[in-house]
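Engineer: Got a structure for you, written out below as structure tokens; questions coming shortly.
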Amino acid sequence: MRGRALTQDAWLLLSAVLVIIATIGFTIFAAVRWPGGPESQYVWFYLLVALALLTAVAATLYPATSRTERSRRAVRRGADPRRRRTVRAVLVGVAAFCCAGSVLTWVDVHRTGEVEVELAVREEKTNGVFTVTMKPPPSGDVRNKLKLTLIIADKDLDQSPCVGEATAAVTSDDADPNESTMKSESPAEFELGGPERGARFTVGVNLSDEGCPVKLLARGTLHND
């Protein structure tokens, strides 16, 4: 019985150490392959990693029952060695569960969470008309929605501002809706289609002063929710 207890204690300690190594190892991997996007979508990942490490460390530091003298003192204090072993096993189980949960959470964000996408803006010959092009995402990416934000600004900063409350008429054959009216710095949602899921948008800036020279900046975020 005593030898069996020692074996159980050793396995529990080894399991806790393995959970710590696995958690730290995957955290390093996740940092290297970090997909980006808003930090709020990683809250559960951070929380589960912290819980996995804390409970695994607690399991390694929890008093063992392998030494005879320690067991006798524990019994004199009313503590049951079997209960101590059960507590350590529960801590290891919780740590392993949190470690696995952090992996699944990160994988879900990596596949479907919000990530920034590169957009190219080209000014056409007609004043106030631009083409915004989004390259197709990497092969295997399942995100099919684009959050597009347009920023309309004065092109010549040396002159008095003339943009005012400008809006943009956005048309595209590669996204739904095909037509949309957007305000500067107000994001709009588009659903991407087609096998490549790239998109091209034609943007016509509507100004009260048609002679006002403007520039256009574009930001895009891909997601799948």
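Just so we're on the same page: first chain in the structure tokens is A, next is B, and so on; residues restart at 1 for each chain, and ligands are numbered from 1 in the order they show up.
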What's the 7 Å shell around A:Ala95, counting only C-alpha atoms, without same-chain residues fewer than 6 positions away, as a list in words?

Structural biologist: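 The filter keeps Val19, Leu51, Ala52, Leu53, Thr55 and Ala56 of chain A.
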
Engineer: Would you mind listing what lies within 7 Å of A:Ser180 as a list in words, with only C-alpha atoms counted and same-chain residues fewer than 6 positions away left out?

Structural biologist: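 Contacts, in chain order: Ala169, Val170 and Thr171 of chain A.
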
Engineer: Select from stretch 51-225 of chain A everything DSSP, run on the backbone, classes as alpha helix (DSSP H), then give the selection as a ChimeraX atom specification.

Structural biologist: /A:51-61,68-76,81-112

Engineer: What parts of stretch 43-150 of chain A does DSSP call strand (DSSP E or B)? I'd like the answer as a PDB file with N, CA, C and O atoms, in the first residue's frame.

Structural biologist:
ATOM      1  N   VAL A 115      -9.022  39.544 -37.606  1.00  0.00           N
ATOM      2  CA  VAL A 115      -7.629  39.810 -37.961  1.00  0.00           C
ATOM      3  C   VAL A 115      -7.600  40.936 -38.993  1.00  0.00           C
ATOM      4  O   VAL A 115      -8.496  41.052 -39.835  1.00  0.00           O
ATOM      5  N   GLU A 116      -6.569  41.749 -38.908  1.00  0.00           N
ATOM      6  CA  GLU A 116      -6.440  42.838 -39.864  1.00  0.00           C
ATOM      7  C   GLU A 116      -6.050  42.291 -41.230  1.00  0.00           C
ATOM      8  O   GLU A 116      -5.337  41.294 -41.351  1.00  0.00           O
ATOM      9  N   VAL A 117      -6.539  42.963 -42.273  1.00  0.00           N
ATOM     10  CA  VAL A 117      -6.240  42.556 -43.635  1.00  0.00           C
ATOM     11  C   VAL A 117      -5.657  43.759 -44.382  1.00  0.00           C
ATOM     12  O   VAL A 117      -6.021  44.908 -44.122  1.00  0.00           O
ATOM     13  N   LEU A 119      -5.166  46.321 -47.234  1.00  0.00           N
ATOM     14  CA  LEU A 119      -5.967  46.936 -48.294  1.00  0.00           C
ATOM     15  C   LEU A 119      -5.101  47.910 -49.082  1.00  0.00           C
ATOM     16  O   LEU A 119      -4.352  48.691 -48.498  1.00  0.00           O
ATOM     17  N   ALA A 120      -5.205  47.848 -50.406  1.00  0.00           N
ATOM     18  CA  ALA A 120      -4.475  48.771 -51.284  1.00  0.00           C
ATOM     19  C   ALA A 120      -5.451  49.806 -51.829  1.00  0.00           C
ATOM     20  O   ALA A 120      -6.528  49.461 -52.319  1.00  0.00           O
ATOM     21  N   VAL A 121      -5.081  51.078 -51.736  1.00  0.00           N
ATOM     22  CA  VAL A 121      -5.926  52.181 -52.203  1.00  0.00           C
ATOM     23  C   VAL A 121      -5.243  52.842 -53.395  1.00  0.00           C
ATOM     24  O   VAL A 121      -4.085  53.251 -53.303  1.00  0.00           O
ATOM     25  N   ARG A 122      -5.977  52.954 -54.497  1.00  0.00           N
ATOM     26  CA  ARG A 122      -5.451  53.619 -55.687  1.00  0.00           C
ATOM     27  C   ARG A 122      -6.386  54.751 -56.090  1.00  0.00           C
ATOM     28  O   ARG A 122      -7.601  54.558 -56.201  1.00  0.00           O
ATOM     29  N   GLU A 123      -5.821  55.913 -56.290  1.00  0.00           N
ATOM     30  CA  GLU A 123      -6.618  57.065 -56.707  1.00  0.00           C
ATOM     31  C   GLU A 123      -6.774  57.047 -58.222  1.00  0.00           C
ATOM     32  O   GLU A 123      -5.797  56.909 -58.967  1.00  0.00           O
ATOM     33  N   VAL A 129     -12.506  59.728 -56.769  1.00  0.00           N
ATOM     34  CA  VAL A 129     -12.821  58.330 -57.070  1.00  0.00           C
ATOM     35  C   VAL A 129     -11.586  57.480 -56.772  1.00  0.00           C
ATOM     36  O   VAL A 129     -10.477  57.785 -57.235  1.00  0.00           O
ATOM     37  N   PHE A 130     -11.781  56.413 -56.020  1.00  0.00           N
ATOM     38  CA  PHE A 130     -10.684  55.548 -55.594  1.00  0.00           C
ATOM     39  C   PHE A 130     -11.072  54.085 -55.808  1.00  0.00           C
ATOM     40  O   PHE A 130     -12.262  53.738 -55.837  1.00  0.00           O
ATOM     41  N   THR A 131     -10.067  53.231 -55.903  1.00  0.00           N
ATOM     42  CA  THR A 131     -10.270  51.786 -55.936  1.00  0.00           C
ATOM     43  C   THR A 131      -9.562  51.172 -54.735  1.00  0.00           C
ATOM     44  O   THR A 131      -8.366  51.395 -54.529  1.00  0.00           O
ATOM     45  N   VAL A 132     -10.318  50.432 -53.951  1.00  0.00           N
ATOM     46  CA  VAL A 132      -9.780  49.748 -52.776  1.00  0.00           C
ATOM     47  C   VAL A 132      -9.768  48.248 -53.063  1.00  0.00           C
ATOM     48  O   VAL A 132     -10.812  47.659 -53.380  1.00  0.00           O
ATOM     49  N   THR A 133      -8.608  47.649 -52.957  1.00  0.00           N
ATOM     50  CA  THR A 133      -8.454  46.229 -53.293  1.00  0.00           C
ATOM     51  C   THR A 133      -7.987  45.446 -52.071  1.00  0.00           C
ATOM     52  O   THR A 133      -7.036  45.852 -51.399  1.00  0.00           O
ATOM     53  N   MET A 134      -8.667  44.345 -51.818  1.00  0.00           N
ATOM     54  CA  MET A 134      -8.267  43.428 -50.749  1.00  0.00           C
ATOM     55  C   MET A 134      -7.767  42.135 -51.374  1.00  0.00           C
ATOM     56  O   MET A 134      -8.460  41.502 -52.177  1.00  0.00           O
ATOM     57  N   LYS A 145     -16.176  37.512 -43.820  1.00  0.00           N
ATOM     58  CA  LYS A 145     -16.794  38.828 -43.628  1.00  0.00           C
ATOM     59  C   LYS A 145     -15.706  39.879 -43.438  1.00  0.00           C
ATOM     60  O   LYS A 145     -14.684  39.619 -42.792  1.00  0.00           O
ATOM     61  N   LEU A 146     -15.948  41.034 -44.014  1.00  0.00           N
ATOM     62  CA  LEU A 146     -14.989  42.137 -43.957  1.00  0.00           C
ATOM     63  C   LEU A 146     -15.622  43.340 -43.285  1.00  0.00           C
ATOM     64  O   LEU A 146     -16.704  43.796 -43.688  1.00  0.00           O
ATOM     65  N   LYS A 147     -14.953  43.841 -42.271  1.00  0.00           N
ATOM     66  CA  LYS A 147     -15.351  45.103 -41.641  1.00  0.00           C
ATOM     67  C   LYS A 147     -14.460  46.191 -42.237  1.00  0.00           C
ATOM     68  O   LYS A 147     -13.259  46.250 -41.978  1.00  0.00           O
ATOM     69  N   LEU A 148     -15.067  47.035 -43.063  1.00  0.00           N
ATOM     70  CA  LEU A 148     -14.322  48.044 -43.818  1.00  0.00           C
ATOM     71  C   LEU A 148     -14.531  49.422 -43.207  1.00  0.00           C
ATOM     72  O   LEU A 148     -15.664  49.828 -42.936  1.00  0.00           O
ATOM     73  N   THR A 149     -13.440  50.127 -42.998  1.00  0.00           N
ATOM     74  CA  THR A 149     -13.489  51.501 -42.490  1.00  0.00           C
ATOM     75  C   THR A 149     -12.752  52.407 -43.460  1.00  0.00           C
ATOM     76  O   THR A 149     -11.595  52.147 -43.806  1.00  0.00           O
ATOM     77  N   LEU A 150     -13.420  53.456 -43.925  1.00  0.00           N
ATOM     78  CA  LEU A 150     -12.829  54.430 -44.829  1.00  0.00           C
ATOM     79  C   LEU A 150     -12.593  55.746 -44.085  1.00  0.00           C
ATOM     80  O   LEU A 150     -13.440  56.180 -43.298  1.00  0.00           O
TER      81      LEU A 150
END

Engineer: I'd like to know which of A:Gly140, A:Asn127, A:Gly93, A:Gly211 is closest to A:Ala59, using only C-alpha atoms.

Structural biologist: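 When distances to A:Ala59 are compared using only C-alpha atoms, the smallest one comes from A:Gly93.
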
Engineer: Between A:Arg85, A:Arg111, A:Lys183, A:Lys155, which is the closest to A:Gly37 once you count only C-alpha atoms?

Structural biologist: A:Arg111

Engineer: What does the distance from atom CA of A:Glu191 to atom CA of A:Arg219 come to in Å, to one decimal?

Structural biologist: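 Value for the atom CA of A:Glu191-atom CA of A:Arg219 distance: 15.7 Å.
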
Engineer: Return the single residue from A:Pro136, A:Val142, A:Leu12, A:Phe26 that is closest to A:Val87, with distances computed using only C-alpha atoms.

Structural biologist: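 With only C-alpha atoms as the atom set, the closest residue is A:Leu12.
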
Engineer: Nearest to A:Leu192 among A:Ala22, A:Leu222, A:Cys212, A:Val103, with distances taken over only C-alpha atoms: which residue is it?

Structural biologist: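 For A:Leu192, the nearest of the given residues is A:Leu222.
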
Engineer: Looking at only C-alpha atoms, which of A:Ala30, A:Leu61, A:Val214, A:Ala50 is the one that sits closest to A:Ala16?

Structural biologist: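 Of all the options, A:Leu61 lies closest to A:Ala16.
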
Engineer: Find the distance between atom CA of A:Thr60 and atom CA of A:Val90 and write it in Å to one decimal.

Structural biologist: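 Answer for the atom CA of A:Thr60 to atom CA of A:Val90 separation: 12.0 Å.
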